[in-house]
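Below: work-v5.txt (compact mmCIF, N, CA and C atoms)
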# COMPACT_ATOMS: atom_id res chain seq x y z
N MET A 1 -283.11 147.34 33.33
CA MET A 1 -282.93 148.46 34.23
C MET A 1 -283.06 149.74 33.42
N ASN A 2 -283.69 150.75 33.99
CA ASN A 2 -283.84 152.00 33.25
C ASN A 2 -282.59 152.85 33.36
N ASN A 3 -282.56 153.94 32.58
CA ASN A 3 -281.37 154.81 32.54
C ASN A 3 -281.06 155.44 33.89
N THR A 4 -282.09 155.82 34.64
CA THR A 4 -281.86 156.42 35.96
C THR A 4 -281.17 155.43 36.88
N ALA A 5 -281.63 154.19 36.88
CA ALA A 5 -281.00 153.17 37.72
C ALA A 5 -279.55 152.94 37.30
N ASN A 6 -279.29 152.90 36.01
CA ASN A 6 -277.92 152.74 35.53
C ASN A 6 -277.04 153.89 35.95
N GLN A 7 -277.57 155.13 35.89
CA GLN A 7 -276.79 156.29 36.29
C GLN A 7 -276.46 156.24 37.78
N ILE A 8 -277.43 155.82 38.58
CA ILE A 8 -277.19 155.71 40.02
C ILE A 8 -276.10 154.67 40.29
N LEU A 9 -276.21 153.53 39.65
CA LEU A 9 -275.21 152.48 39.84
C LEU A 9 -273.83 152.96 39.40
N ASP A 10 -273.76 153.64 38.23
CA ASP A 10 -272.48 154.13 37.73
C ASP A 10 -271.89 155.19 38.65
N SER A 11 -272.71 156.09 39.18
CA SER A 11 -272.18 157.17 40.02
C SER A 11 -271.82 156.69 41.42
N ASN A 12 -272.40 155.58 41.85
CA ASN A 12 -272.13 155.06 43.19
C ASN A 12 -271.27 153.81 43.17
N CYS A 13 -270.61 153.54 42.07
CA CYS A 13 -269.83 152.32 41.94
C CYS A 13 -268.73 152.25 43.00
N ILE A 14 -268.68 151.17 43.72
CA ILE A 14 -267.65 151.00 44.75
C ILE A 14 -266.58 150.01 44.31
N GLY A 15 -266.66 149.56 43.09
CA GLY A 15 -265.65 148.64 42.59
C GLY A 15 -266.17 147.23 42.52
N THR A 16 -265.29 146.37 42.14
CA THR A 16 -265.64 144.97 41.97
C THR A 16 -265.43 144.22 43.27
N ARG A 17 -266.35 143.33 43.56
CA ARG A 17 -266.25 142.51 44.76
C ARG A 17 -265.01 141.63 44.66
N PRO A 18 -264.20 141.61 45.71
CA PRO A 18 -263.02 140.76 45.68
C PRO A 18 -263.39 139.28 45.77
N GLU A 19 -262.57 138.46 45.19
CA GLU A 19 -262.73 137.01 45.29
C GLU A 19 -261.73 136.51 46.33
N TYR A 20 -262.12 135.52 47.09
CA TYR A 20 -261.26 134.99 48.14
C TYR A 20 -260.87 133.56 47.80
N ASP A 21 -259.63 133.24 48.06
CA ASP A 21 -259.10 131.91 47.81
C ASP A 21 -259.40 131.03 49.02
N MET A 22 -260.41 130.19 48.90
CA MET A 22 -260.83 129.37 50.04
C MET A 22 -259.74 128.42 50.49
N ALA A 23 -258.94 127.91 49.54
CA ALA A 23 -257.84 127.03 49.93
C ALA A 23 -256.83 127.78 50.78
N GLN A 24 -256.56 129.04 50.43
CA GLN A 24 -255.61 129.85 51.21
C GLN A 24 -256.18 130.16 52.59
N ILE A 25 -257.46 130.48 52.65
CA ILE A 25 -258.09 130.74 53.94
C ILE A 25 -258.01 129.48 54.81
N GLY A 26 -258.30 128.34 54.23
CA GLY A 26 -258.20 127.08 54.97
C GLY A 26 -256.79 126.83 55.47
N ASN A 27 -255.81 127.06 54.59
CA ASN A 27 -254.42 126.88 54.99
C ASN A 27 -254.04 127.83 56.13
N ASN A 28 -254.49 129.07 56.04
CA ASN A 28 -254.19 130.04 57.09
C ASN A 28 -254.84 129.63 58.41
N LEU A 29 -256.08 129.14 58.35
CA LEU A 29 -256.73 128.68 59.58
C LEU A 29 -255.97 127.51 60.20
N ARG A 30 -255.51 126.60 59.37
CA ARG A 30 -254.74 125.45 59.86
C ARG A 30 -253.42 125.91 60.47
N GLN A 31 -252.72 126.82 59.78
CA GLN A 31 -251.44 127.32 60.29
C GLN A 31 -251.61 128.05 61.62
N LEU A 32 -252.67 128.84 61.73
CA LEU A 32 -252.93 129.53 62.99
C LEU A 32 -253.21 128.54 64.11
N ARG A 33 -253.99 127.51 63.81
CA ARG A 33 -254.27 126.49 64.83
C ARG A 33 -252.98 125.81 65.28
N LEU A 34 -252.14 125.44 64.32
CA LEU A 34 -250.89 124.76 64.66
C LEU A 34 -249.94 125.68 65.41
N GLN A 35 -249.88 126.95 65.03
CA GLN A 35 -249.02 127.90 65.73
C GLN A 35 -249.41 128.04 67.20
N HIS A 36 -250.68 127.86 67.48
CA HIS A 36 -251.16 127.97 68.86
C HIS A 36 -251.24 126.62 69.56
N ASN A 37 -250.78 125.58 68.88
CA ASN A 37 -250.75 124.23 69.45
C ASN A 37 -252.11 123.72 69.91
N TYR A 38 -253.15 124.02 69.11
CA TYR A 38 -254.47 123.49 69.40
C TYR A 38 -254.72 122.27 68.53
N THR A 39 -255.47 121.34 69.09
CA THR A 39 -255.90 120.19 68.30
C THR A 39 -257.22 120.53 67.61
N VAL A 40 -257.57 119.75 66.62
CA VAL A 40 -258.86 119.92 65.95
C VAL A 40 -259.99 119.71 66.95
N GLU A 41 -259.82 118.75 67.84
CA GLU A 41 -260.83 118.48 68.85
C GLU A 41 -261.03 119.69 69.78
N GLN A 42 -259.95 120.36 70.16
CA GLN A 42 -260.06 121.55 71.01
C GLN A 42 -260.83 122.67 70.29
N ILE A 43 -260.56 122.83 69.00
CA ILE A 43 -261.26 123.86 68.22
C ILE A 43 -262.74 123.49 68.09
N ARG A 44 -263.02 122.22 67.88
CA ARG A 44 -264.40 121.76 67.80
C ARG A 44 -265.15 122.10 69.09
N ASP A 45 -264.52 121.79 70.23
CA ASP A 45 -265.13 122.11 71.53
C ASP A 45 -265.33 123.61 71.69
N TYR A 46 -264.31 124.38 71.35
CA TYR A 46 -264.36 125.83 71.50
C TYR A 46 -265.50 126.44 70.68
N LEU A 47 -265.68 125.95 69.46
CA LEU A 47 -266.71 126.49 68.57
C LEU A 47 -268.09 125.85 68.80
N CYS A 48 -268.15 124.86 69.69
CA CYS A 48 -269.40 124.15 69.98
C CYS A 48 -269.98 123.54 68.71
N ILE A 49 -269.12 122.85 67.99
CA ILE A 49 -269.53 122.17 66.76
C ILE A 49 -269.60 120.68 67.07
N GLY A 50 -270.55 119.98 66.47
CA GLY A 50 -270.78 118.58 66.77
C GLY A 50 -269.71 117.63 66.28
N SER A 51 -268.99 117.99 65.22
CA SER A 51 -268.05 117.06 64.63
C SER A 51 -266.77 117.77 64.21
N VAL A 52 -265.65 117.05 64.30
CA VAL A 52 -264.38 117.63 63.85
C VAL A 52 -264.34 117.78 62.33
N GLN A 53 -265.24 117.09 61.63
CA GLN A 53 -265.25 117.17 60.17
C GLN A 53 -265.45 118.60 59.68
N ALA A 54 -266.22 119.40 60.40
CA ALA A 54 -266.41 120.80 60.02
C ALA A 54 -265.09 121.56 60.07
N ILE A 55 -264.29 121.29 61.09
CA ILE A 55 -262.99 121.96 61.22
C ILE A 55 -262.09 121.55 60.06
N TYR A 56 -262.08 120.27 59.74
CA TYR A 56 -261.29 119.80 58.61
C TYR A 56 -261.75 120.44 57.30
N LYS A 57 -263.06 120.63 57.14
CA LYS A 57 -263.57 121.29 55.93
C LYS A 57 -263.08 122.73 55.86
N TYR A 58 -263.08 123.43 57.00
CA TYR A 58 -262.57 124.80 57.02
C TYR A 58 -261.10 124.81 56.60
N GLU A 59 -260.34 123.90 57.18
CA GLU A 59 -258.89 123.90 56.95
C GLU A 59 -258.50 123.41 55.56
N ARG A 60 -259.36 122.65 54.90
CA ARG A 60 -259.12 122.24 53.52
C ARG A 60 -259.58 123.30 52.53
N GLY A 61 -260.38 124.24 53.01
CA GLY A 61 -260.94 125.24 52.13
C GLY A 61 -262.19 124.76 51.42
N ASP A 62 -262.81 123.71 51.93
CA ASP A 62 -264.05 123.20 51.35
C ASP A 62 -265.26 124.00 51.82
N ALA A 63 -265.12 124.67 52.95
CA ALA A 63 -266.20 125.48 53.51
C ALA A 63 -265.58 126.58 54.35
N LEU A 64 -266.35 127.64 54.55
CA LEU A 64 -265.91 128.73 55.43
C LEU A 64 -266.74 128.70 56.70
N PRO A 65 -266.14 129.03 57.83
CA PRO A 65 -266.92 129.12 59.06
C PRO A 65 -267.97 130.23 58.93
N LEU A 66 -269.10 130.04 59.57
CA LEU A 66 -270.07 131.13 59.66
C LEU A 66 -269.42 132.31 60.36
N ALA A 67 -269.99 133.48 60.19
CA ALA A 67 -269.39 134.70 60.72
C ALA A 67 -269.10 134.60 62.21
N ASP A 68 -270.03 134.10 63.02
CA ASP A 68 -269.79 134.03 64.46
C ASP A 68 -268.64 133.08 64.80
N LYS A 69 -268.53 132.00 64.04
CA LYS A 69 -267.42 131.06 64.26
C LYS A 69 -266.09 131.71 63.83
N MET A 70 -266.11 132.43 62.70
CA MET A 70 -264.90 133.09 62.23
C MET A 70 -264.44 134.14 63.24
N PHE A 71 -265.38 134.92 63.77
CA PHE A 71 -265.01 135.92 64.77
C PHE A 71 -264.41 135.26 66.01
N ALA A 72 -265.00 134.15 66.43
CA ALA A 72 -264.47 133.43 67.59
C ALA A 72 -263.06 132.92 67.32
N LEU A 73 -262.81 132.40 66.12
CA LEU A 73 -261.46 131.94 65.77
C LEU A 73 -260.47 133.09 65.73
N MET A 74 -260.91 134.23 65.20
CA MET A 74 -260.03 135.40 65.17
C MET A 74 -259.61 135.79 66.59
N GLU A 75 -260.56 135.77 67.50
CA GLU A 75 -260.24 136.10 68.89
C GLU A 75 -259.32 135.05 69.52
N LEU A 76 -259.65 133.79 69.31
CA LEU A 76 -258.85 132.71 69.88
C LEU A 76 -257.40 132.79 69.40
N TYR A 77 -257.21 133.03 68.10
CA TYR A 77 -255.88 133.06 67.52
C TYR A 77 -255.23 134.44 67.61
N ASN A 78 -255.96 135.41 68.17
CA ASN A 78 -255.47 136.79 68.20
C ASN A 78 -255.04 137.21 66.80
N ALA A 79 -255.90 136.94 65.83
CA ALA A 79 -255.62 137.20 64.43
C ALA A 79 -256.62 138.21 63.89
N ASN A 80 -256.19 138.97 62.89
CA ASN A 80 -257.14 139.85 62.22
C ASN A 80 -257.57 139.19 60.92
N LEU A 81 -258.49 139.82 60.27
CA LEU A 81 -259.03 139.24 59.04
C LEU A 81 -257.95 139.07 57.98
N GLN A 82 -257.03 140.00 57.90
CA GLN A 82 -255.94 139.90 56.92
C GLN A 82 -255.11 138.64 57.17
N ASP A 83 -254.93 138.26 58.41
CA ASP A 83 -254.18 137.05 58.74
C ASP A 83 -254.86 135.80 58.19
N ILE A 84 -256.16 135.88 58.05
CA ILE A 84 -256.92 134.71 57.61
C ILE A 84 -257.15 134.68 56.10
N ILE A 85 -257.38 135.83 55.49
CA ILE A 85 -257.77 135.80 54.08
C ILE A 85 -256.63 136.02 53.10
N HIS A 86 -255.48 136.47 53.56
CA HIS A 86 -254.39 136.76 52.63
C HIS A 86 -253.25 135.77 52.75
N THR A 87 -252.45 135.72 51.70
CA THR A 87 -251.42 134.69 51.55
C THR A 87 -250.32 134.72 52.60
N ALA A 88 -249.54 135.77 52.67
CA ALA A 88 -248.34 135.74 53.51
C ALA A 88 -248.50 136.57 54.78
N SER A 89 -249.71 136.80 55.22
CA SER A 89 -249.88 137.73 56.34
C SER A 89 -249.72 137.10 57.71
N ILE A 90 -249.70 135.78 57.82
CA ILE A 90 -249.58 135.16 59.14
C ILE A 90 -248.23 135.48 59.76
N GLU A 91 -247.17 135.57 58.95
CA GLU A 91 -245.85 135.83 59.49
C GLU A 91 -245.66 137.26 59.95
N LYS A 92 -246.46 138.21 59.44
CA LYS A 92 -246.24 139.61 59.80
C LYS A 92 -247.23 140.06 60.85
N GLU A 93 -246.84 141.02 61.63
CA GLU A 93 -247.72 141.62 62.61
C GLU A 93 -248.25 142.91 62.03
N GLY A 94 -249.56 143.00 61.88
CA GLY A 94 -250.16 144.20 61.31
C GLY A 94 -250.93 144.96 62.36
N ASP A 95 -251.31 146.19 62.02
CA ASP A 95 -252.14 147.00 62.88
C ASP A 95 -253.57 146.55 62.74
N LYS A 96 -254.10 145.93 63.76
CA LYS A 96 -255.42 145.34 63.69
C LYS A 96 -256.53 146.39 63.71
N SER A 97 -256.19 147.65 63.92
CA SER A 97 -257.22 148.68 63.91
C SER A 97 -257.08 149.59 62.70
N SER A 98 -256.30 149.21 61.71
CA SER A 98 -256.12 150.04 60.53
C SER A 98 -257.43 150.19 59.79
N PRO A 99 -257.61 151.32 59.07
CA PRO A 99 -258.86 151.52 58.33
C PRO A 99 -259.14 150.41 57.33
N SER A 100 -258.12 149.90 56.65
CA SER A 100 -258.38 148.84 55.67
C SER A 100 -258.86 147.57 56.38
N PHE A 101 -258.33 147.28 57.56
CA PHE A 101 -258.81 146.11 58.29
C PHE A 101 -260.26 146.29 58.69
N VAL A 102 -260.60 147.48 59.20
CA VAL A 102 -261.96 147.72 59.64
C VAL A 102 -262.92 147.59 58.47
N PHE A 103 -262.58 148.17 57.32
CA PHE A 103 -263.43 148.07 56.14
C PHE A 103 -263.57 146.61 55.71
N THR A 104 -262.46 145.90 55.63
CA THR A 104 -262.49 144.50 55.21
C THR A 104 -263.31 143.67 56.18
N PHE A 105 -263.15 143.92 57.48
CA PHE A 105 -263.88 143.19 58.50
C PHE A 105 -265.38 143.41 58.32
N ILE A 106 -265.78 144.67 58.14
CA ILE A 106 -267.20 144.98 57.97
C ILE A 106 -267.74 144.33 56.71
N PHE A 107 -266.94 144.40 55.62
CA PHE A 107 -267.36 143.80 54.36
C PHE A 107 -267.55 142.30 54.52
N PHE A 108 -266.58 141.63 55.15
CA PHE A 108 -266.63 140.19 55.34
C PHE A 108 -267.83 139.81 56.19
N ALA A 109 -268.04 140.55 57.27
CA ALA A 109 -269.16 140.25 58.17
C ALA A 109 -270.48 140.43 57.45
N ALA A 110 -270.62 141.53 56.72
CA ALA A 110 -271.87 141.79 56.01
C ALA A 110 -272.13 140.72 54.96
N ALA A 111 -271.09 140.30 54.27
CA ALA A 111 -271.26 139.29 53.22
C ALA A 111 -271.77 137.99 53.80
N TYR A 112 -271.27 137.56 54.94
CA TYR A 112 -271.66 136.27 55.49
C TYR A 112 -272.94 136.34 56.32
N LEU A 113 -273.22 137.51 56.86
CA LEU A 113 -274.47 137.64 57.60
C LEU A 113 -275.67 137.75 56.66
N SER A 114 -275.41 138.13 55.41
CA SER A 114 -276.51 138.27 54.46
C SER A 114 -276.84 136.97 53.74
N LEU A 115 -276.07 135.90 54.00
CA LEU A 115 -276.34 134.61 53.34
C LEU A 115 -277.63 133.99 53.81
Could you write out this file's structure as structure tokens?
Amino acid sequence: MNNTANQILDSNCIGTRPEYDMAQIGNNLRQLRLQHNYTVEQIRDYLCIGSVQAIYKYERGDALPLADKMFALMELYNANLQDIIHTASIEKEGDKSSPSFVFTFIFFAAAYLSL
């Protein structure tokens, strides 16, 4: 990379990309499902997925739902992104329209839509 490109990157640095704990996300998805008394089969039907194995993979943290499936789960569970990606957030009620939620939501959506 040339010096100009390095200067642009340095001056526009937005920080380091956060890492997400897939096992925690899976645990949160499972806890949200159980809190709402849904079965894995009901979630499979709701997401129009062919097999319950995909749901089990999400809940084990072996895979993440595609963005459209994640958005559908968020709506079903009345959960925000913080409820799904962070450790102790399921127990607390947060402001789902807070600026940090909106930024995180956009970041998460962009990351998975670009795959």
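Here atom C of A:Leu73 is placed at a distance of 11.0 Å from atom N of A:Ile85.
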Box time for stretch 63-79 of chain A: axis-aligned, enclosing all its listed atoms, 5 Å extra on each side; report centre and edge lengths in Å to one decimal, as lines of an AutoDock Vina configuration file.
center_x = -262.6
center_y = 131.4
center_z = 61.4
size_x = 25.0
size_y = 23.5
size_z = 26.9
Using only C-alpha atoms, the residue out of A:Phe71, A:Tyr46, A:Tyr77, A:Tyr56 with shortest distance to A:Leu32 is A:Tyr77
Computed gap from atom CA of A:Gln53 to atom N of A:Glu41 is 9.5 Å
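Of the listed residues A:Leu47, A:Leu66, A:Ile55, A:Cys13, the one whose atoms come nearest to A:Arg30 is A:Ile55, with distances taken using only C-alpha atoms.
Counting from atom CA of A:Gln82, the distance to atom CA of A:Gly50 is 27.8 Å.
Considering all atoms listed in the file, the residue among A:Gln42, A:Met22, A:Ile14, A:Ile84 positioned nearest to A:Asp62 is A:Met22.
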- Taking (-256.2, 123.2, 56.9) in the file's coordinates as the center, which residues reach within 5 Å of it, counting only N, CA and C atoms, put as a PyMOL selection string? chain A and resi 26-27+30+59-60
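Residue nearest A:Asp83 within the list A:Met70, A:Ala63, A:Ile49, A:Ile43: A:Met70 [criterion: smallest interatomic distance, only C-alpha atoms].
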